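Asks: Data: model20.cif, mmCIF, C-alpha atoms; chains and numbers go by the auth columns.
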```cif
data_query
#
loop_
_atom_site.group_PDB
_atom_site.id
_atom_site.type_symbol
_atom_site.label_atom_id
_atom_site.label_comp_id
_atom_site.label_asym_id
_atom_site.label_seq_id
_atom_site.Cartn_x
_atom_site.Cartn_y
_atom_site.Cartn_z
_atom_site.B_iso_or_equiv
_atom_site.auth_seq_id
_atom_site.auth_asym_id
ATOM 1 C CA MET A 1 0.000 0.000 0.000 0.00 20 X
ATOM 2 C CA ILE A 2 1.007 3.619 -0.299 0.00 21 X
ATOM 3 C CA ILE A 3 2.126 4.718 3.125 0.00 22 X
ATOM 4 C CA ARG A 4 0.372 7.962 3.940 0.00 23 X
ATOM 5 C CA PHE A 5 3.084 9.256 6.145 0.00 24 X
ATOM 6 C CA LEU A 6 6.795 9.087 5.600 0.00 25 X
ATOM 7 C CA PHE A 7 8.763 7.721 8.290 0.00 26 X
ATOM 8 C CA THR A 8 11.834 5.583 8.234 0.00 27 X
ATOM 9 C CA SER A 9 14.958 5.166 6.149 0.00 28 X
ATOM 10 C CA LEU A 10 17.908 3.186 5.238 0.00 29 X
ATOM 11 C CA PHE A 11 20.171 1.210 7.436 0.00 30 X
ATOM 12 C CA ILE A 12 22.938 -0.788 6.084 0.00 31 X
ATOM 13 C CA PHE A 13 24.260 -4.235 6.524 0.00 32 X
ATOM 14 C CA LEU A 14 27.218 -6.433 5.684 0.00 33 X
ATOM 15 C CA PHE A 15 26.407 -9.788 4.134 0.00 34 X
ATOM 16 C CA ILE A 16 28.472 -12.169 6.247 0.00 35 X
ATOM 17 C CA ALA A 17 28.585 -15.745 4.991 0.00 36 X
ATOM 18 C CA GLY A 18 29.967 -17.133 8.232 0.00 37 X
ATOM 19 C CA PRO A 19 27.797 -18.714 10.919 0.00 38 X
ATOM 20 C CA VAL A 20 25.887 -16.680 13.457 0.00 39 X
ATOM 21 C CA SER A 21 25.256 -17.924 16.977 0.00 40 X
ATOM 22 C CA ALA A 22 22.533 -20.554 16.985 0.00 41 X
ATOM 23 C CA ALA A 23 19.162 -19.290 18.152 0.00 42 X
ATOM 24 C CA ASN A 24 18.657 -22.357 20.364 0.00 43 X
ATOM 25 C CA LEU A 25 14.882 -22.212 20.038 0.00 44 X
ATOM 26 C CA GLN A 26 13.057 -24.805 22.082 0.00 45 X
ATOM 27 C CA PRO A 27 10.232 -26.568 20.222 0.00 46 X
ATOM 28 C CA TRP A 28 6.855 -25.002 20.860 0.00 47 X
ATOM 29 C CA SER A 29 4.298 -26.798 22.988 0.00 48 X
ATOM 30 C CA GLU A 30 1.503 -28.595 21.147 0.00 49 X
ATOM 31 C CA ASN A 31 -0.834 -26.228 23.018 0.00 50 X
ATOM 32 C CA VAL A 32 0.396 -23.404 20.760 0.00 51 X
ATOM 33 C CA PHE A 33 -0.843 -25.101 17.629 0.00 52 X
ATOM 34 C CA VAL A 34 -4.120 -26.084 19.274 0.00 53 X
ATOM 35 C CA GLU A 35 -4.714 -22.419 20.150 0.00 54 X
ATOM 36 C CA ILE A 36 -3.810 -21.194 16.662 0.00 55 X
ATOM 37 C CA LYS A 37 -6.173 -23.741 15.118 0.00 56 X
ATOM 38 C CA LYS A 38 -8.961 -22.682 17.466 0.00 57 X
ATOM 39 C CA GLU A 39 -8.468 -18.971 16.740 0.00 58 X
ATOM 40 C CA HIS A 40 -7.544 -18.982 13.060 0.00 59 X
ATOM 41 C CA GLY A 41 -8.451 -22.375 11.620 0.00 60 X
ATOM 42 C CA PRO A 42 -6.631 -25.518 10.410 0.00 61 X
ATOM 43 C CA ASP A 43 -4.850 -23.860 7.472 0.00 62 X
ATOM 44 C CA SER A 44 -3.279 -21.333 9.817 0.00 63 X
ATOM 45 C CA GLU A 45 -2.175 -24.127 12.119 0.00 64 X
ATOM 46 C CA LYS A 46 -0.453 -25.877 9.180 0.00 65 X
ATOM 47 C CA ARG A 47 1.359 -22.671 8.199 0.00 66 X
ATOM 48 C CA MET A 48 2.598 -22.102 11.751 0.00 67 X
ATOM 49 C CA ARG A 49 3.799 -25.710 12.013 0.00 68 X
ATOM 50 C CA LYS A 50 5.714 -25.290 8.761 0.00 69 X
ATOM 51 C CA LEU A 51 7.310 -22.047 9.947 0.00 70 X
ATOM 52 C CA HIS A 52 8.150 -23.648 13.299 0.00 71 X
ATOM 53 C CA ASP A 53 9.903 -26.520 11.494 0.00 72 X
ATOM 54 C CA ILE A 54 11.827 -24.127 9.242 0.00 73 X
ATOM 55 C CA ILE A 55 13.101 -22.202 12.265 0.00 74 X
ATOM 56 C CA LEU A 56 14.143 -25.357 14.124 0.00 75 X
ATOM 57 C CA LYS A 57 15.976 -26.811 11.108 0.00 76 X
ATOM 58 C CA ASN A 58 17.920 -23.679 10.186 0.00 77 X
ATOM 59 C CA GLN A 59 19.230 -22.278 13.448 0.00 78 X
ATOM 60 C CA ASP A 60 22.846 -23.158 12.631 0.00 79 X
ATOM 61 C CA LYS A 61 22.893 -21.710 9.107 0.00 80 X
ATOM 62 C CA SER A 62 25.059 -18.741 8.125 0.00 81 X
ATOM 63 C CA ILE A 63 23.695 -15.192 8.234 0.00 82 X
ATOM 64 C CA GLU A 64 23.529 -15.111 4.449 0.00 83 X
ATOM 65 C CA GLU A 65 21.519 -18.325 4.367 0.00 84 X
ATOM 66 C CA LYS A 66 19.160 -17.094 7.069 0.00 85 X
ATOM 67 C CA LEU A 67 18.512 -13.809 5.304 0.00 86 X
ATOM 68 C CA ARG A 68 17.728 -15.510 2.015 0.00 87 X
ATOM 69 C CA LEU A 69 15.643 -18.222 3.669 0.00 88 X
ATOM 70 C CA VAL A 70 13.482 -15.794 5.624 0.00 89 X
ATOM 71 C CA ASN A 71 13.110 -13.417 2.687 0.00 90 X
ATOM 72 C CA ASP A 72 12.025 -16.222 0.363 0.00 91 X
ATOM 73 C CA THR A 73 9.734 -17.848 2.921 0.00 92 X
ATOM 74 C CA MET A 74 7.884 -14.713 3.980 0.00 93 X
ATOM 75 C CA ASN A 75 7.617 -13.462 0.395 0.00 94 X
ATOM 76 C CA ASN A 76 5.300 -16.418 -0.236 0.00 95 X
ATOM 77 C CA LEU A 77 2.699 -14.448 1.706 0.00 96 X
ATOM 78 C CA PRO A 78 0.340 -12.703 -0.724 0.00 97 X
ATOM 79 C CA TRP A 79 0.379 -8.905 -0.738 0.00 98 X
ATOM 80 C CA ILE A 80 -3.016 -7.631 0.376 0.00 99 X
ATOM 81 C CA ALA A 81 -3.893 -3.972 0.938 0.00 100 X
ATOM 82 C CA ASP A 82 -4.957 -3.013 4.461 0.00 101 X
ATOM 83 C CA GLU A 83 -8.336 -1.741 3.268 0.00 102 X
ATOM 84 C CA GLN A 84 -9.110 -5.162 1.815 0.00 103 X
ATOM 85 C CA HIS A 85 -7.417 -7.338 4.427 0.00 104 X
ATOM 86 C CA TRP A 86 -8.135 -5.546 7.690 0.00 105 X
ATOM 87 C CA LYS A 87 -10.830 -3.041 6.621 0.00 106 X
ATOM 88 C CA LYS A 88 -8.589 -0.236 7.901 0.00 107 X
ATOM 89 C CA ALA A 89 -6.584 2.433 6.080 0.00 108 X
ATOM 90 C CA ASP A 90 -3.226 1.717 7.723 0.00 109 X
ATOM 91 C CA TYR A 91 -2.951 -1.343 9.964 0.00 110 X
ATOM 92 C CA TRP A 92 0.298 -2.919 11.165 0.00 111 X
ATOM 93 C CA ALA A 93 -0.342 -6.600 11.855 0.00 112 X
ATOM 94 C CA SER A 94 1.558 -8.784 14.284 0.00 113 X
ATOM 95 C CA PRO A 95 3.554 -11.639 12.702 0.00 114 X
ATOM 96 C CA ILE A 96 1.059 -14.233 13.918 0.00 115 X
ATOM 97 C CA GLU A 97 -1.806 -12.217 12.391 0.00 116 X
ATOM 98 C CA THR A 98 0.063 -11.947 9.095 0.00 117 X
ATOM 99 C CA ILE A 99 0.967 -15.641 8.906 0.00 118 X
ATOM 100 C CA ALA A 100 -2.371 -16.902 10.242 0.00 119 X
ATOM 101 C CA SER A 101 -4.374 -14.775 7.811 0.00 120 X
ATOM 102 C CA PHE A 102 -1.973 -15.648 4.960 0.00 121 X
ATOM 103 C CA GLY A 103 -1.235 -12.180 3.716 0.00 122 X
ATOM 104 C CA GLY A 104 -0.418 -8.582 4.434 0.00 123 X
ATOM 105 C CA ASP A 105 1.048 -5.448 2.945 0.00 124 X
ATOM 106 C CA CYS A 106 4.685 -4.384 2.868 0.00 125 X
ATOM 107 C CA GLU A 107 4.768 -3.307 6.525 0.00 126 X
ATOM 108 C CA ASP A 108 3.260 -6.568 7.742 0.00 127 X
ATOM 109 C CA ILE A 109 5.659 -8.698 5.705 0.00 128 X
ATOM 110 C CA ALA A 110 8.719 -6.661 6.777 0.00 129 X
ATOM 111 C CA ILE A 111 7.741 -6.954 10.458 0.00 130 X
ATOM 112 C CA ALA A 112 7.178 -10.701 10.087 0.00 131 X
ATOM 113 C CA LYS A 113 10.663 -11.065 8.556 0.00 132 X
ATOM 114 C CA TRP A 114 12.129 -9.131 11.497 0.00 133 X
ATOM 115 C CA ILE A 115 10.580 -11.460 14.069 0.00 134 X
ATOM 116 C CA VAL A 116 11.519 -14.665 12.245 0.00 135 X
ATOM 117 C CA LEU A 117 15.136 -13.485 11.851 0.00 136 X
ATOM 118 C CA ARG A 118 15.233 -12.675 15.563 0.00 137 X
ATOM 119 C CA THR A 119 13.999 -16.200 16.281 0.00 138 X
ATOM 120 C CA LEU A 120 16.836 -17.501 14.113 0.00 139 X
ATOM 121 C CA GLY A 121 19.367 -15.672 16.278 0.00 140 X
ATOM 122 C CA ILE A 122 19.892 -12.413 14.375 0.00 141 X
ATOM 123 C CA PRO A 123 20.491 -9.638 16.971 0.00 142 X
ATOM 124 C CA ARG A 124 17.885 -6.901 17.056 0.00 143 X
ATOM 125 C CA GLU A 125 20.690 -4.324 16.945 0.00 144 X
ATOM 126 C CA ASN A 126 21.316 -5.318 13.322 0.00 145 X
ATOM 127 C CA LEU A 127 17.735 -4.941 12.079 0.00 146 X
ATOM 128 C CA ARG A 128 15.930 -1.855 10.805 0.00 147 X
ATOM 129 C CA LEU A 129 12.572 -1.070 9.283 0.00 148 X
ATOM 130 C CA VAL A 130 13.249 1.043 6.202 0.00 149 X
ATOM 131 C CA PHE A 131 10.826 3.391 4.491 0.00 150 X
ATOM 132 C CA ALA A 132 11.474 4.277 0.898 0.00 151 X
ATOM 133 C CA ASN A 133 9.892 5.437 -2.322 0.00 152 X
ATOM 134 C CA ILE A 134 9.682 3.097 -5.307 0.00 153 X
ATOM 135 C CA LYS A 135 10.906 5.439 -8.036 0.00 154 X
ATOM 136 C CA GLN A 136 9.121 3.858 -10.963 0.00 155 X
ATOM 137 C CA LYS A 137 5.743 3.769 -9.248 0.00 156 X
ATOM 138 C CA GLY A 138 6.070 6.802 -7.003 0.00 157 X
ATOM 139 C CA GLU A 139 4.769 4.697 -4.109 0.00 158 X
ATOM 140 C CA TYR A 140 5.956 4.611 -0.522 0.00 159 X
ATOM 141 C CA HIS A 141 7.171 1.226 0.611 0.00 160 X
ATOM 142 C CA MET A 142 8.622 -0.574 3.626 0.00 161 X
ATOM 143 C CA VAL A 143 11.438 -3.118 3.562 0.00 162 X
ATOM 144 C CA LEU A 144 13.628 -4.763 6.197 0.00 163 X
ATOM 145 C CA ALA A 145 17.362 -4.131 6.419 0.00 164 X
ATOM 146 C CA TYR A 146 20.108 -6.142 8.051 0.00 165 X
ATOM 147 C CA VAL A 147 23.044 -3.980 9.156 0.00 166 X
ATOM 148 C CA GLY A 148 26.177 -6.106 9.258 0.00 167 X
ATOM 149 C CA ARG A 149 28.609 -3.480 10.535 0.00 168 X
ATOM 150 C CA ILE A 150 27.139 -1.517 13.397 0.00 169 X
ATOM 151 C CA ASP A 151 30.682 -0.917 14.670 0.00 170 X
ATOM 152 C CA ILE A 152 31.504 1.616 11.942 0.00 171 X
ATOM 153 C CA PRO A 153 30.194 5.172 11.413 0.00 172 X
ATOM 154 C CA ARG A 154 26.684 5.346 10.007 0.00 173 X
ATOM 155 C CA GLU A 155 27.919 7.172 6.917 0.00 174 X
ATOM 156 C CA GLU A 156 29.956 4.115 5.942 0.00 175 X
ATOM 157 C CA ARG A 157 27.276 1.469 6.418 0.00 176 X
ATOM 158 C CA LEU A 158 25.524 1.638 3.059 0.00 177 X
ATOM 159 C CA LYS A 159 27.755 -0.972 1.449 0.00 178 X
ATOM 160 C CA SER A 160 27.390 -3.277 4.432 0.00 179 X
ATOM 161 C CA THR A 161 23.579 -3.258 4.535 0.00 180 X
ATOM 162 C CA TRP A 162 21.267 -5.683 2.753 0.00 181 X
ATOM 163 C CA ILE A 163 17.608 -5.216 1.896 0.00 182 X
ATOM 164 C CA LEU A 164 14.876 -7.838 2.303 0.00 183 X
ATOM 165 C CA ASP A 165 11.959 -6.828 0.098 0.00 184 X
ATOM 166 C CA ASN A 166 8.663 -8.292 -1.080 0.00 185 X
ATOM 167 C CA VAL A 167 8.662 -6.352 -4.388 0.00 186 X
ATOM 168 C CA ASN A 168 12.208 -6.901 -5.635 0.00 187 X
ATOM 169 C CA LYS A 169 12.537 -10.322 -4.058 0.00 188 X
ATOM 170 C CA LYS A 170 16.292 -10.751 -4.478 0.00 189 X
ATOM 171 C CA VAL A 171 18.280 -9.944 -1.341 0.00 190 X
ATOM 172 C CA MET A 172 20.533 -7.106 -2.466 0.00 191 X
ATOM 173 C CA ARG A 173 22.993 -4.665 -0.970 0.00 192 X
ATOM 174 C CA ALA A 174 21.309 -1.394 -0.039 0.00 193 X
ATOM 175 C CA ASP A 175 23.527 0.759 -2.252 0.00 194 X
ATOM 176 C CA GLU A 176 22.646 -1.417 -5.257 0.00 195 X
ATOM 177 C CA ARG A 177 18.932 -0.732 -4.948 0.00 196 X
ATOM 178 C CA LYS A 178 18.778 2.100 -7.449 0.00 197 X
ATOM 179 C CA ASP A 179 15.023 1.579 -7.775 0.00 198 X
ATOM 180 C CA LEU A 180 14.476 2.907 -4.256 0.00 199 X
ATOM 181 C CA LEU A 181 14.755 6.381 -2.786 0.00 200 X
ATOM 182 C CA TYR A 182 15.453 5.926 0.919 0.00 201 X
ATOM 183 C CA ILE A 183 13.511 8.162 3.270 0.00 202 X
ATOM 184 C CA TYR A 184 14.444 6.919 6.694 0.00 203 X
ATOM 185 C CA ALA A 185 15.015 3.874 8.889 0.00 204 X
ATOM 186 C CA ILE A 186 14.211 3.055 12.460 0.00 205 X
ATOM 187 C CA ASP A 187 15.445 0.459 14.920 0.00 206 X
ATOM 188 C CA ARG A 188 13.681 -1.347 17.752 0.00 207 X
ATOM 189 C CA ASP A 189 14.585 1.384 20.256 0.00 208 X
ATOM 190 C CA GLY A 190 13.302 4.256 18.135 0.00 209 X
ATOM 191 C CA THR A 191 16.561 5.619 16.732 0.00 210 X
ATOM 192 C CA MET A 192 15.705 7.083 13.333 0.00 211 X
ATOM 193 C CA VAL A 193 18.151 7.917 10.567 0.00 212 X
ATOM 194 C CA VAL A 194 16.665 10.352 8.073 0.00 213 X
ATOM 195 C CA MET A 195 18.198 10.105 4.602 0.00 214 X
ATOM 196 C CA LYS A 196 18.785 12.579 1.825 0.00 215 X
ATOM 197 C CA ASP A 197 18.446 10.555 -1.370 0.00 216 X
ATOM 198 C CA ASP A 198 17.876 12.217 -4.741 0.00 217 X
ATOM 199 C CA GLY A 199 18.541 9.090 -6.775 0.00 218 X
ATOM 200 C CA LYS A 200 22.180 9.968 -7.398 0.00 219 X
ATOM 201 C CA ASN A 201 23.571 10.881 -4.005 0.00 220 X
ATOM 202 C CA ARG A 202 22.690 9.280 -0.699 0.00 221 X
ATOM 203 C CA LYS A 203 23.682 10.692 2.642 0.00 222 X
ATOM 204 C CA ILE A 204 22.416 11.020 6.187 0.00 223 X
ATOM 205 C CA GLY A 205 20.307 14.087 6.817 0.00 224 X
ATOM 206 C CA ALA A 206 19.666 13.647 10.532 0.00 225 X
ATOM 207 C CA VAL A 207 19.780 11.139 13.366 0.00 226 X
ATOM 208 C CA ARG A 208 16.959 11.265 15.900 0.00 227 X
ATOM 209 C CA GLU A 209 17.242 9.282 19.121 0.00 228 X
ATOM 210 C CA ASN A 210 14.290 7.879 21.061 0.00 229 X
ATOM 211 C CA THR A 211 11.742 8.707 18.398 0.00 230 X
ATOM 212 C CA ASN A 212 8.262 8.047 19.717 0.00 231 X
ATOM 213 C CA MET A 213 6.657 6.774 16.528 0.00 232 X
ATOM 214 C CA LYS A 214 3.042 5.860 17.183 0.00 233 X
ATOM 215 C CA LYS A 215 2.835 2.954 14.737 0.00 234 X
ATOM 216 C CA LEU A 216 6.102 1.452 15.977 0.00 235 X
ATOM 217 C CA GLU A 217 5.021 1.679 19.607 0.00 236 X
ATOM 218 C CA GLU A 218 1.647 0.152 18.759 0.00 237 X
ATOM 219 C CA ILE A 219 3.124 -2.862 16.967 0.00 238 X
ATOM 220 C CA LYS A 220 5.682 -3.409 19.738 0.00 239 X
ATOM 221 C CA GLN A 221 2.882 -3.414 22.302 0.00 240 X
ATOM 222 C CA LYS A 222 0.789 -5.766 20.179 0.00 241 X
ATOM 223 C CA ILE A 223 3.675 -8.213 19.755 0.00 242 X
ATOM 224 C CA GLN A 224 4.433 -8.122 23.486 0.00 243 X
ATOM 225 C CA GLU A 225 0.799 -8.840 24.353 0.00 244 X
ATOM 226 C CA ASN A 226 0.710 -11.642 21.816 0.00 245 X
ATOM 227 C CA MET A 227 3.888 -13.189 23.202 0.00 246 X
ATOM 228 C CA ALA A 228 2.622 -12.949 26.776 0.00 247 X
ATOM 229 C CA LYS A 229 -0.557 -14.776 25.786 0.00 248 X
ATOM 230 C CA PHE A 230 1.269 -17.631 24.077 0.00 249 X
ATOM 231 C CA LYS A 231 3.926 -17.806 26.770 0.00 250 X
ATOM 232 C CA GLU A 232 1.246 -19.035 29.171 0.00 251 X
ATOM 233 C CA ILE A 233 0.487 -22.040 26.969 0.00 252 X
ATOM 234 C CA ASN A 234 4.067 -22.638 25.793 0.00 253 X
ATOM 235 C CA GLU A 235 5.441 -23.890 29.111 0.00 254 X
ATOM 236 C CA GLY A 236 6.484 -20.375 30.114 0.00 255 X
ATOM 237 C CA ARG A 237 8.584 -19.756 26.996 0.00 256 X
ATOM 238 C CA SER A 238 8.060 -16.953 24.474 0.00 257 X
ATOM 239 C CA LEU A 239 7.416 -18.006 20.878 0.00 258 X
ATOM 240 C CA PHE A 240 9.562 -15.199 19.524 0.00 259 X
ATOM 241 C CA PRO A 241 12.163 -12.855 21.005 0.00 260 X
ATOM 242 C CA GLU A 242 11.497 -9.114 20.901 0.00 261 X
#
```
Could you render the structure as structure tokens?

Replies:
Amino acid sequence: MIIRFLFTSLFIFLFIAGPVSAANLQPWSENVFVEIKKEHGPDSEKRMRKLHDIILKNQDKSIEEKLRLVNDTMNNLPWIADEQHWKKADYWASPIETIASFGGDCEDIAIAKWIVLRTLGIPRENLRLVFANIKQKGEYHMVLAYVGRIDIPREERLKSTWILDNVNKKVMRADERKDLLYIYAIDRDGTMVVMKDDGKNRKIGAVRENTNMKKLEEIKQKIQENMAKFKEINEGRSLFPE
């Protein structure tokens, strides 16, 4: 969908082919799948079982393999506009809502990728939600970015950032995505990097700490409530990390 407000830009990540620390996810309780089936139906239960198996089988893969796996897997979700899917103009769904309902728009799919990568052991410090403009269409769009080198100055991170997208479905380095104009990016803690991107030159315009973005705070709260609910029936364990 066309995002009616511009908010978040580009963060950058290094594609590292070496292994990342295993996520060490414990298998979910059967109660989880019983609850999902009761709430969302048998097809949703099957999808969650499949995702659960994918996570368990790929915890020891390299970062590169995890990024490609999650991007490919979540891009199988159909794109559905919020007005059609949720009967709301701009709704950010939780990952379970997106997977259970089998669809979502660019925000929903990007958020789902974030959570699945976290479950596979990718640190939250390396993930960003990125808002951009698709040049050819003139539409606002959200993607997920993995920042491989958070130990270097922000100005140098463009070549070490990779974009996970549901439109251009190939995982590519952020500076190679000439089809996007980056607006800004935000991390889990609300640090926003506003970009100046005219299609030829890309640079940081501003860095804003502790941004209180309403939509981000709402989805964080929704995910936390969702995790608390399932934690009760999953032997005290969260399904996903924050």

Asks: Show me, as a list in words, the residues that have an atom within 12 Å of Ile73 (chain X) when counting only C-alpha atoms, minus same-chain residues fewer than 2 positions from it.

Replies: Leu44, Pro46, Arg66, Met67, Arg68, Lys69, Leu70, His71, Leu75, Lys76, Asn77, Gln78, Asp79, Lys80, Lys85, Leu88, Val89, Asp91, Thr92, Met93, Val135, Leu136, Thr138 and Leu139 of chain X

Asks: For this structure, which residues satisfy the selection - the PyMOL selection byres ((chain X and resi 64) around 10) - when it is evaluated on the file as given? I want them as a PyMOL selection string.

Replies: chain X and resi 51-63+65-70+118-119

Asks: Give the answer as one residue: which of X:Ser120, X:Asn50, X:Asn187, X:Asn152 has the shortest atom-to-atom distance to Asn90 (chain X), using all atoms listed in the file?

Replies: X:Asn187

Asks: What gap, in Å, lies between CA of Thr180 (chain X) and CA of Glu237 (chain X)?

Replies: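 According to the coordinates, CA of Thr180 (chain X) and CA of Glu237 (chain X) are separated by 26.4 Å.
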
Asks: Can you work out which one of X:Ala164, X:Ala193, X:Ala131, X:Val212 has the shortest atom-to-atom distance to Ile238 (chain X), counting only C-alpha atoms?

Replies: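 Selected residue with least distance to Ile238 (chain X): X:Ala131.
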
Asks: Could you please determine the separation between CA of Asp101 (chain X) and CA of Gly218 (chain X) in Å, to one decimal place?

Replies: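 One can read the CA of Asp101 (chain X) to CA of Gly218 (chain X) distance as 28.7 Å.
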
Asks: For Thr210 (chain X), which residue out of X:Arg192, X:Arg147, X:Lys197, X:Arg137 is the nearest one, using all atoms listed in the file?

Replies: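 That would be X:Arg147, the residue with the smallest distance to Thr210 (chain X).
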
Asks: Distance CA of Asn185 (chain X)-CA of Asn94 (chain X), one decimal place?

Replies: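 Separating CA of Asn185 (chain X) from CA of Asn94 (chain X) is a distance of 5.5 Å.
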
Asks: Given the file above and the PyMOL selection byres ((chain X and resi 130) around 8), which residues are selected, and can you give them as a PyMOL selection string?

Replies: chain X and resi 113-114+126-129+131-134+148+163

Asks: Counting all atoms listed in the file, which of X:Ile223, X:Cys125, X:Leu86, X:Ala112 gets nearest to Leu177 (chain X)?

Replies: X:Ile223

Asks: Could you complete region 220-244 of chain X so that it carries N, CA and C atoms, and give it back as a compact mmCIF listing (two decimals), in the coordinates of the input?

Replies:
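That gives us selection-v1.txt:
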```txt
# COMPACT_ATOMS: atom_id res chain seq x y z
N ASN X 220 22.75 10.77 -5.21
CA ASN X 220 23.57 10.88 -4.00
C ASN X 220 22.74 10.49 -2.79
N ARG X 221 23.35 9.71 -1.92
CA ARG X 221 22.69 9.28 -0.70
C ARG X 221 23.55 9.65 0.50
N LYS X 222 22.96 10.34 1.44
CA LYS X 222 23.68 10.69 2.64
C LYS X 222 22.70 10.88 3.79
N ILE X 223 23.24 10.86 5.00
CA ILE X 223 22.42 11.02 6.19
C ILE X 223 22.05 12.48 6.37
N GLY X 224 20.76 12.73 6.57
CA GLY X 224 20.31 14.09 6.82
C GLY X 224 20.22 14.41 8.29
N ALA X 225 19.80 13.42 9.09
CA ALA X 225 19.67 13.65 10.53
C ALA X 225 19.56 12.31 11.24
N VAL X 226 19.95 12.30 12.51
CA VAL X 226 19.78 11.14 13.37
C VAL X 226 18.96 11.58 14.57
N ARG X 227 17.86 10.90 14.81
CA ARG X 227 16.96 11.26 15.90
C ARG X 227 16.85 10.10 16.87
N GLU X 228 17.28 10.32 18.09
CA GLU X 228 17.24 9.28 19.12
C GLU X 228 15.88 9.25 19.80
N ASN X 229 15.51 8.06 20.25
CA ASN X 229 14.29 7.88 21.06
C ASN X 229 13.04 8.46 20.40
N THR X 230 12.92 8.24 19.11
CA THR X 230 11.74 8.71 18.40
C THR X 230 10.51 7.95 18.89
N ASN X 231 9.50 8.68 19.24
CA ASN X 231 8.26 8.05 19.72
C ASN X 231 7.28 7.95 18.55
N MET X 232 7.51 6.95 17.69
CA MET X 232 6.66 6.77 16.53
C MET X 232 5.44 5.94 16.91
N LYS X 233 4.26 6.49 16.70
CA LYS X 233 3.04 5.86 17.18
C LYS X 233 2.87 4.45 16.64
N LYS X 234 3.04 4.27 15.34
CA LYS X 234 2.84 2.95 14.74
C LYS X 234 3.84 1.94 15.27
N LEU X 235 5.09 2.36 15.45
CA LEU X 235 6.10 1.45 15.98
C LEU X 235 5.76 1.03 17.40
N GLU X 236 5.36 2.00 18.22
CA GLU X 236 5.02 1.68 19.61
C GLU X 236 3.80 0.77 19.67
N GLU X 237 2.85 0.99 18.77
CA GLU X 237 1.65 0.15 18.76
C GLU X 237 1.98 -1.29 18.39
N ILE X 238 2.82 -1.49 17.38
CA ILE X 238 3.12 -2.86 16.97
C ILE X 238 3.99 -3.55 18.02
N LYS X 239 4.89 -2.82 18.67
CA LYS X 239 5.68 -3.41 19.74
C LYS X 239 4.78 -3.88 20.87
N GLN X 240 3.80 -3.05 21.24
CA GLN X 240 2.88 -3.41 22.30
C GLN X 240 2.05 -4.63 21.91
N LYS X 241 1.61 -4.65 20.66
CA LYS X 241 0.79 -5.77 20.18
C LYS X 241 1.58 -7.08 20.20
N ILE X 242 2.83 -7.01 19.76
CA ILE X 242 3.68 -8.21 19.76
C ILE X 242 3.94 -8.69 21.19
N GLN X 243 4.19 -7.75 22.09
CA GLN X 243 4.43 -8.12 23.49
C GLN X 243 3.20 -8.78 24.11
N GLU X 244 2.03 -8.24 23.83
CA GLU X 244 0.80 -8.84 24.35
C GLU X 244 0.58 -10.23 23.76
```
